[in-house]
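This report refers to the structure that appears directly beneath it.
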Amino acid sequence: MRSPRPTVPSAFMSHPSRTTVNRRAFLRAAGTVAIGLPFLEGLPERSAWAAGNAPVFSMFMVAACGVVGNKFFPATVGPLTQASLAAATDKAVGVLAAHAENLTFIKNVNFPLPGPTSCGHAQGLCQSLTGAVPGGGGQSSYSTGMSADMFIAQAVNPSAGDPLTLYAGAKSYIAERISFKAAGAGQVRSADVNPYTLYSKLTGLTTTTPSGATMTDPVAAELVTTRKSVNDLVRGELTSLMNNSALSAADIQRLKQHFDAIRETEVTMATMAAGCTKAGLSTSQLDALSKGFAFTSNGMIEDVVKLHLELVALAFACNYNRVATLQWGDGTDGTKYSVPSNASLNWPFHHLSHRVDSDSASGSNPTAEAAHAEIDVLRMQSLLHGLDAFKARGLQDKSVIMWTNHIADGPSHSMKNVPHIIWGNGGGFLKPGQFIDAGNVTNNHVLNTVITAAVRDKSTATVDFGKGTGNGMIAGMLA
Amino acid sequence: MKFRTAIAGAVVSAAGMLLACTGVVDGSRSGPSGAGAGGGPPSSGPSGPSGPSGPSSTAGAPSTSGPGSLNLDGSPKYFRVVRMSNAQWAQSVQDILKLSAPSGLEQKFQTAVVGTTDFSNNELVLDVNQESWGDFQGAAETLSAQVTATDATLAKVYSGTDAAGFISTFGRRAYRRPLTTAEQAAYLTLFNQGSSLTGTRSNFAKGASLVIRAMLQSPHFLYRTELGARQAPLTGYEVAAKLSLWLLGTTPSDALLDSAAGPGKLDSAEGAAAAAQTMLENAGATTVMRQFHSELLHFDRYSQISKVNVPTYSTALNKEFQDVSALFFDKIFSKNLGLKEILTSTSGFVGPGTAPLYGLKAGTGYSEADLGQQRVGYFLQIPFLALYGFNAEPDSIHRGVTLNLDVLCAKLGAPAAMLPPIPPLMAGQTNRQRIDTLTSSCGAQCHNSMINPLGFSFEHFDGMGQYHDTENGGLPVDSTGNYQFASGTKPFSDAASLMRLMADDSQAHLCYAKKLSSFGLQRDLVAADLPLLQTLASASMASTGSVKNVILQLVRSDAFRTRAGGN
């Protein structure tokens with residue numbers, strides 16, 4: 001299923017000319033519940049929808065603790081139809097039937113390190129989006145390369161802006177481990193666990209009156225007119241600091257990152273998509289998180305996932321950012337899912353995945369396996385919620401959304417045949433509606449394919465990402 | 001993870017340890033090039049205290065490899081620009097803006113990456129990226145609008161109405177040093193721009209609003225900096241900021257900044273120590289040190305405890321475990337006590353749920369109590385023992401791992417990948433025998449010589465921390481053992497004797513010194529820091545060896561007061 005490397009003219013890292021700000025058009029598109037002014041101010045231009053090469057938005061989700069392999073994908077590869085998926089009632093992905101024509105299921109994709117040498121969870125996470133064997137061991141595992149989301153963001157986001165980096169889980173043990181700036185310890189990127197964080201950035205300083213109407217804070221207009229002056233002053237101070245000869249290269253890199261962060265928020269906006277509205281957001285749930293966020297391990301994780309996905313769909317529709325990641329559970333996820341088979345066990349998910357009530361051992365408890373299969377269905381229902389949100393904003397032809405797991409299954413912690421799900425045709429580059437066998441390739445081949453789709457409006461260079469076995473894309477995924 | 005599960009099962013791995021994915025193993029964090037990667041200090045780097053009150057002797061030098069070694073495999077970068085933590089930011093803005101209550105804005109900030117460094121204030125995880133920039137920018141805009149809403153609210157920040165006076169006064173608080181002439185001029189320009197904006201506020205309020213917004217976003221506010229020459233003493237203002245942000249969790253007061261001006265004051269060892277001594281008596285220092293001990297001993301894990309089929313356990317105990325643990329360490333710090341008391345005090349705190357577990361009468365609130373002679377130190381109190389218990393059974397392995405990593409800073413390798421479960425206890429078998437059988441083939445740096453001996457010392461305490469002399473139908477408990485400390489192999493009869501032994505041995509004091517130094521210096525420690533740690537350990541072992549005295553020794557040291565390490 002492997003194809004030759006794509007060889008097309010390179011335009012990497014070039015940015016299109018800026019288009020004129022069309023704030024009024026945006027406000028019309030946003031409707032009566034307008035997105036707040038701070039968001040308007042910071043809205044990136046990013047070539048946008050009217051450009052000749054339409055942007056492709058990409059998202060990467062990495063779930064925890066494996067799946068029950070024989071109850072996850074359909075039994076045979078081939079075309080996917082709504083009917084065939086709906087009939088697969090004994091498979092977790094059956095709940096995604098409504099999206100069959102936009103889905104690609106991929107089996108026989110391996111991580112470069114195919115099995116754990118110590119605690120496999122951190123090792124799996126570290127290579128899920130890097131396609132590279134991790135360094136270190138146990139909790140201390142680190143990436144030996146940049147992750148795909150960062151690679152894409154540097155190619156397509158203005159000022160090489162960072163991707164949205166989200167998290168659903170307790171962050172109790174083996175937390176952020178999927179998005180990496182570069183190789184080496186200390187390069188992992190922090191992730192937002194509270195959906196309200198992104199929500200507040202998207203909706204800015206809008207406030208809700210007692211009657212329920214949304215209005216803009218009166219100081220917002222002043223902020224818009226003065227923010228550039230403040231930014232200029234801060235930028236000047238950062239430049240002065242960076243010129244201090246006492247600073248190390250690491251210091252300068254740190255300040256440069258700060259400098260770039262300011263620039264990124266300043267990039268002007270372009271024309272907007274019609275989907276850039278609050279419609280479809282679970283605003284009451286999001287507003288409830290404004291006073292604080294206390295994560296609980298009682299299954300709240302799936303609610304958090306759904307909110308994150310709703311917001312990423314909005315962020316994409318508004319061209320706020322073109323890349324996002326979501327780590328879906330801790331490495332040793334402690335969620336106590338309320339699925340029927342767990343009623344008698346009441347084990348945390350990590351233990352269910354081990355089939356024994358232990359963090360460090362593996363067993364064969366059949367009730368635990370049944371519970372894990374039910375959790376897989378629950379997670380696919382959350383994914384369905386997100387895909388519905390993406391589709392409602394018309395993103396199926398402008399996106400490539402990837403779901404995978406940090407290990408293949410719980411008892412073995414194997415990293416062979418790690419399930420991959422792709423949604424969207426990546427701007428017509430991919431051919432969804434099929435279940436394919438990748439032929440035991442390493443996941444850098446999947447990532448090459450996704451990356452190539454995601455950066456096509458900016459670059460047509462050959463993508464040679466990761467450090468797996470061989471290179472190139474997966475031909476079966478291509479249109 | 002849920003810590004009831006700390007180890008239901010474990011298995012032997014010839015090369016590695018048990019405990020594949022358990023949340024407590026693997027304390028070392030090594031970079032690709034190992035110790036000192038990223039530019040460690042030179043061999044002539046940080047040395048002991050230079051002040052006249054430094055101790056005359058130092059703790060014995062441990063090896064940094066092999067059993068009994070001190071783990072100094074960090075990867076410091078020695079950043080000269082380290083961002084304030086979210087908590088430091090919150091307290092700083094409350095103080096310089098004279099807010100009557102916390103803003104709470106930091107609760108929505110991006111949090112630092114967790115689990116990759118010993119403490120959340122480590123230099124490696126405190127930078128500004130796009131997410132956090134947006135957080136700081138938005139918060140600056142919110143707060144500036146809030147405090148300049150009226151002239152009356154602004155007067156709480158600055159009582160005058162002159163632009164230059166406002167800029168210099170507020171600027172010094174925000175920058176933690178006086179503004180330069182150029183900075184003063186730049187802010188005056190910004191003030192004038194702000195004051196000319198339309199709106200109902202006074203011109204002074206509008207100008208001040210823009211200045212406050214900018215200063216709260218300035219790198220000179222967001223970062224604590226050390227910009228002097230390598231090996232040179234920090235300036236008085238740099239020391240003031242370093243001390244105040246560390247010990248009080250906030251920006252320096254006006255009075256401290258007054259005292260920082262000019263040479264021979266805070267830039268001297270005794271000047272810095274005198275300022276630190278004053279801070280240590282402030283309630284804010286107790287809060288900061290509570291955070292230190294909470295991160296050191298993972299108090300957050302108490303909220304994750306879950307036990308089944310244990311009649312004496314309820315989830316309500318989780319918060320109480322955390323609270324009484326914090327109160328114990330508050331007392332240790334505020335009453336001028338130290339590691340010896342942490343390890344040997346028989347006094348602790350109880351609440352309505354924990355008191356009966358000690359056989360004490362339950363009250364309505366928290367109170368200090370004599371816990372009895374079996375409860376020697378924090379590690380023999382109910383919270384720790386229940387945390388590292390699997391339901392009602394002792395979790396010998398994690399108890400041993402925790403002492404190795406958090407109390408003795410021993411090197412334990414990464415855990416093995418796949419481990420079969422601990423089998424059920426058989427008739428005629430003790431828990432110790434069960435674990436011994438499972439781990440008998442483990443190598444030297446894991447169970448047999450390092451984890452099990454320490455873990456088995458707790459065998460008298462079950463999974464809820466209840467004392468017993470017999471188990472499994474009357475079998476006698478064996479809690480004896482010996483451990484290869486840096487100073488040599490030493491025997492003990494049970495956990496109580498182990499605690500007393502550690503209180504008198506240098507290794508635990510060296511480890512505590514390492515952890516405290518990592519927290520205070522905001523970086524990983526490496527082998528070149530060993531002389532400093534020996535000095536601090538000696539201070540800790542002395543009859544006056546309080547946490548406060550160790551802190552004062554650290555403040556006096558070159559490592560704290562000079563631009564040591566890196567560029």
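Identifiers in the structure tokens: chain A, B, ... in order shown; residue index from 1 per chain; ligand index from 1 in order shown.
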
Per-residue DSSP, range 251-440 of chain A, filtered to helix (DSSP H, G or I), as a PyMOL selection string: chain A and resi 251-266+283-291+300-317+340-342+349-354+366-392

Contact check, chain A to chain B, at most 6 Å, counting only C-alpha atoms, closest pairs as a tab-separated table:
residue	atom	partner	partner_atom	distance
A:Pro116	CA	B:Ala417	CA	5.7
A:Thr117	CA	B:Ala417	CA	5.3
A:Ser118	CA	B:Ala417	CA	3.7
A:Cys119	CA	B:Ala20	CA	4.8
A:Gly137	CA	B:Ala414	CA	5.7
A:Gly138	CA	B:Ala414	CA	5.4
A:Ser140	CA	B:Arg29	CA	5.5
A:Tyr173	CA	B:Gly23	CA	5.8
A:Ala185	CA	B:Gly31	CA	5.1
A:Ser190	CA	B:Val113	CA	4.9
A:Asp192	CA	B:Gln110	CA	5.9
A:Val230	CA	B:Ala214	CA	5.3
A:Val234	CA	B:Ser218	CA	5.4
A:Ser248	CA	B:Asn567	CA	5.8
A:Asp251	CA	B:Phe79	CA	5.9
A:His258	CA	B:Val128	CA	5.3
A:Ala261	CA	B:Gln130	CA	4.5
A:Thr332	CA	B:Met1	CA	5.8
A:Asp333	CA	B:Met1	CA	5.8
A:Gly334	CA	B:Met1	CA	4.2
A:Ser358	CA	B:Ala8	CA	4.7
A:Asp359	CA	B:Thr22	CA	5.4
A:Ser360	CA	B:Ala20	CA	4.9
A:Ala361	CA	B:Pro420	CA	4.5
A:Ser362	CA	B:Pro420	CA	5.5

Dump N, CA and C atoms for the selected residues as an mmCIF file, in the first residue's frame?
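Generated file (part31.cif):
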data_model
loop_
_atom_site.group_PDB
_atom_site.id
_atom_site.type_symbol
_atom_site.label_atom_id
_atom_site.label_comp_id
_atom_site.auth_asym_id
_atom_site.auth_seq_id
_atom_site.Cartn_x
_atom_site.Cartn_y
_atom_site.Cartn_z
ATOM 1 N N PRO A 116 6.772 -2.012 24.038
ATOM 2 C CA PRO A 116 7.409 -1.224 25.098
ATOM 3 C C PRO A 116 8.685 -1.855 25.614
ATOM 4 N N THR A 117 9.628 -1.001 25.962
ATOM 5 C CA THR A 117 10.825 -1.470 26.655
ATOM 6 C C THR A 117 10.754 -1.129 28.144
ATOM 7 N N SER A 118 9.841 -0.245 28.498
ATOM 8 C CA SER A 118 9.513 0.012 29.902
ATOM 9 C C SER A 118 8.029 0.347 29.901
ATOM 10 N N CYS A 119 7.584 1.230 30.751
ATOM 11 C CA CYS A 119 6.170 1.592 30.734
ATOM 12 C C CYS A 119 5.792 2.054 29.337
ATOM 13 N N GLY A 137 12.957 6.388 29.064
ATOM 14 C CA GLY A 137 12.144 5.236 29.414
ATOM 15 C C GLY A 137 11.147 5.602 30.476
ATOM 16 N N GLY A 138 10.128 4.759 30.625
ATOM 17 C CA GLY A 138 9.132 5.002 31.644
ATOM 18 C C GLY A 138 8.482 6.365 31.481
ATOM 19 N N SER A 140 9.709 9.071 31.935
ATOM 20 C CA SER A 140 10.654 10.059 31.415
ATOM 21 C C SER A 140 10.844 9.988 29.907
ATOM 22 N N TYR A 173 -0.818 11.341 35.823
ATOM 23 C CA TYR A 173 0.426 10.600 35.613
ATOM 24 C C TYR A 173 0.586 10.360 34.119
ATOM 25 N N ALA A 185 14.515 15.873 25.611
ATOM 26 C CA ALA A 185 13.755 16.119 26.827
ATOM 27 C C ALA A 185 13.431 17.603 26.925
ATOM 28 N N SER A 190 2.740 22.119 26.394
ATOM 29 C CA SER A 190 1.647 22.106 27.353
ATOM 30 C C SER A 190 0.312 22.118 26.628
ATOM 31 N N ASP A 192 -4.083 22.592 27.022
ATOM 32 C CA ASP A 192 -5.187 23.154 27.803
ATOM 33 C C ASP A 192 -6.201 22.064 28.112
ATOM 34 N N VAL A 230 0.825 48.883 22.597
ATOM 35 C CA VAL A 230 1.362 48.077 23.702
ATOM 36 C C VAL A 230 2.279 46.992 23.153
ATOM 37 N N VAL A 234 6.249 46.254 23.996
ATOM 38 C CA VAL A 234 6.713 44.955 24.515
ATOM 39 C C VAL A 234 7.718 44.329 23.551
ATOM 40 N N SER A 248 22.121 33.195 26.892
ATOM 41 C CA SER A 248 22.495 31.975 26.179
ATOM 42 C C SER A 248 21.588 31.803 24.970
ATOM 43 N N ASP A 251 18.162 31.050 26.148
ATOM 44 C CA ASP A 251 17.422 32.242 26.576
ATOM 45 C C ASP A 251 16.842 32.979 25.372
ATOM 46 N N HIS A 258 8.472 34.042 22.588
ATOM 47 C CA HIS A 258 7.580 35.055 23.139
ATOM 48 C C HIS A 258 7.298 36.125 22.082
ATOM 49 N N ALA A 261 5.020 34.909 19.469
ATOM 50 C CA ALA A 261 3.655 34.750 19.968
ATOM 51 C C ALA A 261 2.877 36.054 19.821
ATOM 52 N N THR A 332 -1.801 6.554 31.820
ATOM 53 C CA THR A 332 -2.426 5.508 32.634
ATOM 54 C C THR A 332 -3.767 6.059 33.102
ATOM 55 N N ASP A 333 -4.706 6.067 32.214
ATOM 56 C CA ASP A 333 -5.938 6.821 32.458
ATOM 57 C C ASP A 333 -6.755 6.228 33.608
ATOM 58 N N GLY A 334 -7.132 7.098 34.516
ATOM 59 C CA GLY A 334 -7.834 6.662 35.729
ATOM 60 C C GLY A 334 -9.330 6.847 35.675
ATOM 61 N N SER A 358 -4.916 -3.628 38.328
ATOM 62 C CA SER A 358 -3.530 -3.277 38.613
ATOM 63 C C SER A 358 -3.001 -2.326 37.548
ATOM 64 N N ASP A 359 -2.134 -1.432 37.971
ATOM 65 C CA ASP A 359 -1.450 -0.558 37.028
ATOM 66 C C ASP A 359 -0.315 -1.269 36.325
ATOM 67 N N SER A 360 0.236 -2.269 36.971
ATOM 68 C CA SER A 360 1.506 -2.782 36.484
ATOM 69 C C SER A 360 1.458 -4.203 35.976
ATOM 70 N N ALA A 361 0.296 -4.816 36.017
ATOM 71 C CA ALA A 361 0.211 -6.202 35.609
ATOM 72 C C ALA A 361 -0.852 -6.365 34.530
ATOM 73 N N SER A 362 -0.835 -7.487 33.874
ATOM 74 C CA SER A 362 -1.833 -7.782 32.856
ATOM 75 C C SER A 362 -2.521 -9.092 33.182
#

Find the spatial neighbours of Val93 in chain A, counting only C-alpha atoms, within a cut-off of 9 Å - ignore same-chain residues fewer than 2 positions away - and output them as JSON, numbers by chain. {"A": [71, 72, 73, 74, 85, 88, 89, 90, 91, 95, 96, 97, 376, 377, 380, 381]}

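Within 8 Å of Gly465 in chain B, once only C-alpha atoms are used and residues closer than 2 positions along the same chain are dropped, the contacting residues are Leu380, Gln381, Ile382, Pro383, Phe384, Leu385, Ala386, Gly389, Phe461, Asp462, Gly463 and Tyr467 of chain B.
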
Could you give me, as an NGL selection string, the residues within 9 Å of Ser414 in chain A, counting only C-alpha atoms and dropping anything in the same chain fewer than 4 positions from it? :A and (66 or 114-116 or 120 or 124 or 407-410 or 418)
